[in-house]
Amino acid sequence: MRPPAVKREAIANAGLALLLLAVPLAASTMGEPFYITLATRIAVLALAAVGLNIALGLGGLVSFGHAAFFGLGGYAAGILATHAFNAEPLFFGIPSTTSMPVIWLVAMLVCGLIALPIGAISLRTSGVYFIMITLAFAQMIYYFAISWPAYGGEDGLSIYVRNSFPGINTARPLPFFLVCYGLLALGLMLFWALRGSRFGAALQAARQNATRLAAVGIPPFRIRLTAFAISAMVTGLAGALFADLNRFTSPSMLSWHMSGELLVLVILGGKGRLFGPVAGAMLYVLLEYWLGGITERWQFFLGLILLGVVLFARGGLMGLIAGKERHG
């Protein structure tokens with residue numbers, strides 16, 4: 001007898017979580033740091049996609065500007081690390097730091113504060129207008145970064161020493177992966193908690209019929225704005241980790257290409273599914289690695305896969321594995 005969809009999805013989620021953890025552990029024992037770095041990239045991109053999945057998967061907000069928050073998180077890490085490396089205070093004499101927890105907090109606060117006015121304006125529109133206005137805001141931040149020579153301008157900003165975490169040697173690939181993996185687990189727990197909460201129910205109701213939600217006394221605008229800000233904060237945290245992973249941050253993290261990449265991760269894995277971003281990030285990074293070694297046009301094959309998902313597998317990779325998602 002075939003197991004029910006809920007059970008199949010739980011098994012698939014556990015399998016993906018164990019696979020993502022097992023590969024770098026095995027690579028560490030075999031002395032293959034490259035595969036640890038590859039798994040770290042998957043974890044970081046999956047966390048960024050988890051952030052977008054809160055807005056898109058739960059709220060139906062098709063944001064084409066989440067690269068703004070991903071890049072802002074990266075620049076928060078880069079600017080703080082650069083000032084600390086040069087022993088220079090920040091603006092208004094604020095001390096700099098290389099402590100990861102402090103940098104994460106700053107990245108999330110910056111992204112949350114910037115997401116509030118962006119969301120307040122963007123959420124007064126819907127459909128293609130919402131997509132375009134989020135893109136417009138992201139591009140404004142992108143061009144601001146390019147024209148800011150103090151922090152590298154078009155050339156970006158190097159992070160000469162990886163930022164620190166108390167009690168862990170983050171300069172080594174495996175400990176840094178475990179930090180990223182732990183934060184991904186927390187991000188997934190946040191998504192799961194939001195989806196099962198009254199807030200999550202209201203957000204999904206706003207996606208389906210905002211008028212009915214307002215009729216029962218719950219303002220859809222506030223619910224969506226809160227979700228948009230939380231989504232931005234999670235994506236900003238991933239951006240800070242991405243900058244530390246590469247020891248470099250640049251305007252490319254803010255570009256519309258990055259926004260499109262995050263959307264692809266969510267759609268490939270399964271919009272609104274708990275482990276959809278993880279499945280999407282795995283597939284995307286592995287295609288980039290395998291096909292990228294064969295041809296520079298590997299995105300063509302990614303496009304074919306994405307087209308197949310949109311036409312024949314609306315639930316993404318998780319939908320193919322676990323079947324149609326059940327509510328209730």
# chains A, B, ... in the order shown; residues from 1 in each chain; ligands from 1

$ closest_atom_pairs --of "region 168-287 of chain A" --to "region 317-322 of chain A" --cutoff "10 Å" --atoms "only C-alpha atoms" --output "CSV"
residue,atom,partner,partner_atom,distance
A:Val266,CA,A:Leu317,CA,9.9
A:Ile267,CA,A:Leu317,CA,8.6
A:Leu268,CA,A:Leu317,CA,6.1
A:Gly269,CA,A:Leu317,CA,4.8
A:Gly270,CA,A:Met318,CA,5.6
A:Lys271,CA,A:Met318,CA,9.1
A:Arg273,CA,A:Met318,CA,7.2
A:Leu274,CA,A:Met318,CA,9.1
A:Phe275,CA,A:Met318,CA,7.5
A:Gly276,CA,A:Met318,CA,6.0
A:Pro277,CA,A:Met318,CA,9.5
A:Val278,CA,A:Met318,CA,9.7
A:Ala279,CA,A:Leu317,CA,6.8
A:Gly280,CA,A:Leu317,CA,7.3
A:Leu283,CA,A:Leu317,CA,9.0

$ write_last_selection --atoms "C-alpha atoms" --output "PDB file, in the first residue's frame"
ATOM      1  CA  VAL A 266      11.586  28.118  -4.735  1.00  0.00           C
ATOM      2  CA  ILE A 267       9.738  27.065  -7.897  1.00  0.00           C
ATOM      3  CA  LEU A 268      12.060  24.135  -8.625  1.00  0.00           C
ATOM      4  CA  GLY A 269      11.784  22.751  -5.111  1.00  0.00           C
ATOM      5  CA  GLY A 270       8.114  23.465  -4.562  1.00  0.00           C
ATOM      6  CA  LYS A 271       6.436  26.730  -3.619  1.00  0.00           C
ATOM      7  CA  ARG A 273       6.655  23.308   0.769  1.00  0.00           C
ATOM      8  CA  LEU A 274       8.803  23.125   3.905  1.00  0.00           C
ATOM      9  CA  PHE A 275      11.852  21.581   2.219  1.00  0.00           C
ATOM     10  CA  GLY A 276      11.102  22.997  -1.227  1.00  0.00           C
ATOM     11  CA  PRO A 277      13.922  25.573  -0.993  1.00  0.00           C
ATOM     12  CA  VAL A 278      16.376  22.855   0.085  1.00  0.00           C
ATOM     13  CA  ALA A 279      15.425  20.580  -2.818  1.00  0.00           C
ATOM     14  CA  GLY A 280      15.577  23.524  -5.237  1.00  0.00           C
ATOM     15  CA  LEU A 283      19.160  20.675  -7.775  1.00  0.00           C
TER      16      LEU A 283
END

$ residues_around --residues "Ala185 (chain A)" --least-positions-apart "3" --cutoff "12 Å" --atoms "only C-alpha atoms" --output "compact mmCIF listing (two decimals) with N, CA, C and O atoms, in the first residue's frame"
# COMPACT_ATOMS: atom_id res chain seq x y z
N ASN A 13 11.61 14.91 3.47
CA ASN A 13 12.26 15.99 4.22
C ASN A 13 13.42 15.47 5.04
O ASN A 13 14.52 16.06 5.05
N ALA A 14 13.18 14.37 5.75
CA ALA A 14 14.24 13.78 6.58
C ALA A 14 15.40 13.32 5.71
O ALA A 14 16.57 13.50 6.07
N LEU A 16 16.36 14.52 2.76
CA LEU A 16 17.13 15.67 2.27
C LEU A 16 18.00 16.26 3.37
O LEU A 16 19.16 16.63 3.12
N ALA A 17 17.45 16.35 4.58
CA ALA A 17 18.21 16.90 5.70
C ALA A 17 19.43 16.04 6.01
O ALA A 17 20.54 16.55 6.22
N LEU A 18 19.24 14.72 6.03
CA LEU A 18 20.36 13.80 6.31
C LEU A 18 21.38 13.80 5.18
O LEU A 18 22.59 13.74 5.44
N LEU A 20 22.09 16.27 3.07
CA LEU A 20 22.85 17.52 3.10
C LEU A 20 23.88 17.52 4.22
O LEU A 20 24.94 18.12 4.09
N LEU A 21 23.59 16.83 5.32
CA LEU A 21 24.53 16.75 6.43
C LEU A 21 25.59 15.68 6.19
O LEU A 21 26.77 15.87 6.52
N ALA A 43 23.35 25.09 1.43
CA ALA A 43 22.67 25.47 2.67
C ALA A 43 22.36 26.96 2.70
O ALA A 43 21.27 27.37 3.12
N VAL A 44 23.31 27.78 2.25
CA VAL A 44 23.12 29.23 2.29
C VAL A 44 22.05 29.67 1.30
O VAL A 44 21.16 30.47 1.63
N ALA A 46 19.69 27.82 0.12
CA ALA A 46 18.41 27.28 0.61
C ALA A 46 17.82 28.19 1.68
O ALA A 46 16.60 28.43 1.71
N LEU A 47 18.67 28.72 2.57
CA LEU A 47 18.18 29.64 3.60
C LEU A 47 17.62 30.91 2.97
O LEU A 47 16.56 31.41 3.40
N VAL A 50 14.32 30.03 1.64
CA VAL A 50 13.34 29.89 2.73
C VAL A 50 12.72 31.26 3.04
O VAL A 50 11.52 31.39 3.24
N LEU A 178 28.66 23.62 9.33
CA LEU A 178 27.75 23.26 10.42
C LEU A 178 27.03 24.49 10.95
O LEU A 178 25.85 24.41 11.33
N VAL A 179 27.71 25.64 10.96
CA VAL A 179 27.05 26.90 11.36
C VAL A 179 25.93 27.23 10.38
O VAL A 179 24.80 27.53 10.78
N CYS A 180 26.23 27.14 9.09
CA CYS A 180 25.22 27.44 8.06
C CYS A 180 24.08 26.43 8.10
O CYS A 180 22.90 26.80 7.95
N TYR A 181 24.41 25.17 8.33
CA TYR A 181 23.39 24.12 8.41
C TYR A 181 22.47 24.36 9.60
O TYR A 181 21.24 24.19 9.49
N GLY A 182 23.06 24.75 10.72
CA GLY A 182 22.25 25.05 11.90
C GLY A 182 21.30 26.20 11.67
O GLY A 182 20.13 26.16 12.08
N LEU A 188 14.10 26.84 8.65
CA LEU A 188 13.03 25.89 8.33
C LEU A 188 12.04 25.76 9.48
O LEU A 188 10.82 25.66 9.27
N MET A 189 12.56 25.78 10.71
CA MET A 189 11.68 25.73 11.88
C MET A 189 10.80 26.98 11.94
O MET A 189 9.62 26.89 12.29
N LEU A 190 11.37 28.13 11.59
CA LEU A 190 10.58 29.36 11.57
C LEU A 190 9.47 29.26 10.54
O LEU A 190 8.31 29.63 10.81
N PHE A 191 9.80 28.78 9.35
CA PHE A 191 8.78 28.63 8.30
C PHE A 191 7.68 27.68 8.75
O PHE A 191 6.48 27.95 8.57
N TRP A 192 8.08 26.55 9.36
CA TRP A 192 7.10 25.57 9.84
C TRP A 192 6.20 26.17 10.91
O TRP A 192 4.99 25.96 10.91
N LEU A 274 7.81 22.88 2.86
CA LEU A 274 8.80 23.13 3.91
C LEU A 274 10.23 22.96 3.38
O LEU A 274 11.08 23.84 3.57
N PHE A 275 10.50 21.86 2.72
CA PHE A 275 11.85 21.58 2.22
C PHE A 275 11.99 21.90 0.73
O PHE A 275 12.97 21.51 0.11
N PRO A 277 12.69 24.82 -0.73
CA PRO A 277 13.92 25.57 -0.99
C PRO A 277 15.19 24.72 -0.93
O PRO A 277 16.14 24.96 -1.67
N VAL A 278 15.21 23.73 -0.03
CA VAL A 278 16.38 22.86 0.08
C VAL A 278 16.51 21.99 -1.17
O VAL A 278 17.60 21.88 -1.74

$ closest_residue --among "A:Leu56, A:Met108, A:Leu25, A:Leu254" --to "Glu154 (chain A)" --atoms "only C-alpha atoms"
A:Leu254

$ select_by_dssp --residues "region 100-279 of chain A" --states "helix (DSSP H, G or I)" --output "number ranges by chain"
A: 100-122, 128-146, 149-151, 153-155, 173-196, 198-208, 210-215, 220-246, 251-254, 256-269, 276-279

$ closest_residue --among "A:Phe130, A:Trp104, A:Tyr142, A:Tyr160" --to "Ser252 (chain A)" --atoms "only C-alpha atoms"
A:Tyr142

$ residues_around --residues "Phe70 (chain A)" --least-positions-apart "5" --cutoff "9 Å" --atoms "only C-alpha atoms" --output "PyMOL selection string"
chain A and resi 48+75+111+232-240+242+253-254+258-259

$ write_last_selection --atoms "N, CA, C and O atoms" --output "mmCIF file, in the first residue's frame"
data_model
loop_
_atom_site.group_PDB
_atom_site.id
_atom_site.type_symbol
_atom_site.label_atom_id
_atom_site.label_comp_id
_atom_site.auth_asym_id
_atom_site.auth_seq_id
_atom_site.Cartn_x
_atom_site.Cartn_y
_atom_site.Cartn_z
ATOM 1 N N ALA A 48 18.301 31.439 1.956
ATOM 2 C CA ALA A 48 17.789 32.621 1.259
ATOM 3 C C ALA A 48 16.436 32.328 0.620
ATOM 4 O O ALA A 48 15.516 33.153 0.657
ATOM 5 N N TYR A 75 26.562 43.022 2.277
ATOM 6 C CA TYR A 75 27.306 44.263 2.511
ATOM 7 C C TYR A 75 27.428 44.566 4.003
ATOM 8 O O TYR A 75 28.433 45.136 4.441
ATOM 9 N N CYS A 111 17.934 44.781 6.976
ATOM 10 C CA CYS A 111 17.004 44.288 5.959
ATOM 11 C C CYS A 111 15.555 44.469 6.394
ATOM 12 O O CYS A 111 14.695 44.835 5.588
ATOM 13 N N ALA A 232 12.387 39.248 4.356
ATOM 14 C CA ALA A 232 13.600 40.008 4.044
ATOM 15 C C ALA A 232 14.700 39.746 5.060
ATOM 16 O O ALA A 232 15.888 39.641 4.705
ATOM 17 N N MET A 233 14.343 39.629 6.328
ATOM 18 C CA MET A 233 15.339 39.409 7.382
ATOM 19 C C MET A 233 16.019 38.046 7.232
ATOM 20 O O MET A 233 17.238 37.929 7.387
ATOM 21 N N VAL A 234 15.254 37.022 6.897
ATOM 22 C CA VAL A 234 15.838 35.687 6.698
ATOM 23 C C VAL A 234 16.758 35.679 5.480
ATOM 24 O O VAL A 234 17.865 35.128 5.515
ATOM 25 N N THR A 235 16.315 36.317 4.399
ATOM 26 C CA THR A 235 17.149 36.386 3.197
ATOM 27 C C THR A 235 18.407 37.208 3.451
ATOM 28 O O THR A 235 19.483 36.883 2.939
ATOM 29 N N GLY A 236 18.298 38.276 4.252
ATOM 30 C CA GLY A 236 19.463 39.077 4.602
ATOM 31 C C GLY A 236 20.474 38.292 5.416
ATOM 32 O O GLY A 236 21.690 38.438 5.238
ATOM 33 N N LEU A 237 19.992 37.444 6.323
ATOM 34 C CA LEU A 237 20.885 36.573 7.086
ATOM 35 C C LEU A 237 21.663 35.653 6.152
ATOM 36 O O LEU A 237 22.883 35.464 6.308
ATOM 37 N N ALA A 238 20.978 35.096 5.165
ATOM 38 C CA ALA A 238 21.649 34.239 4.182
ATOM 39 C C ALA A 238 22.689 35.025 3.389
ATOM 40 O O ALA A 238 23.762 34.497 3.068
ATOM 41 N N GLY A 239 22.383 36.283 3.081
ATOM 42 C CA GLY A 239 23.343 37.114 2.359
ATOM 43 C C GLY A 239 24.623 37.328 3.147
ATOM 44 O O GLY A 239 25.736 37.307 2.585
ATOM 45 N N ALA A 240 24.505 37.516 4.468
ATOM 46 C CA ALA A 240 25.691 37.670 5.316
ATOM 47 C C ALA A 240 26.527 36.397 5.305
ATOM 48 O O ALA A 240 27.771 36.445 5.250
ATOM 49 N N PHE A 242 26.569 34.178 2.854
ATOM 50 C CA PHE A 242 27.115 34.037 1.504
ATOM 51 C C PHE A 242 28.375 34.873 1.337
ATOM 52 O O PHE A 242 29.350 34.437 0.707
ATOM 53 N N MET A 253 25.355 40.535 -5.969
ATOM 54 C CA MET A 253 24.419 39.971 -4.988
ATOM 55 C C MET A 253 23.116 40.761 -4.954
ATOM 56 O O MET A 253 22.104 40.267 -4.452
ATOM 57 N N LEU A 254 23.137 41.981 -5.474
ATOM 58 C CA LEU A 254 21.967 42.851 -5.466
ATOM 59 C C LEU A 254 21.228 42.869 -6.804
ATOM 60 O O LEU A 254 20.185 43.508 -6.913
ATOM 61 N N MET A 258 20.099 37.729 -9.336
ATOM 62 C CA MET A 258 20.041 37.036 -8.058
ATOM 63 C C MET A 258 18.589 36.853 -7.620
ATOM 64 O O MET A 258 18.218 35.801 -7.097
ATOM 65 N N SER A 259 17.763 37.867 -7.843
ATOM 66 C CA SER A 259 16.338 37.744 -7.519
ATOM 67 C C SER A 259 15.704 36.609 -8.312
ATOM 68 O O SER A 259 14.923 35.806 -7.777
#

$ atom_distance --atom1 "CA of Ser28 (chain A)" --atom2 "CA of Phe177 (chain A)"
10.9 Å
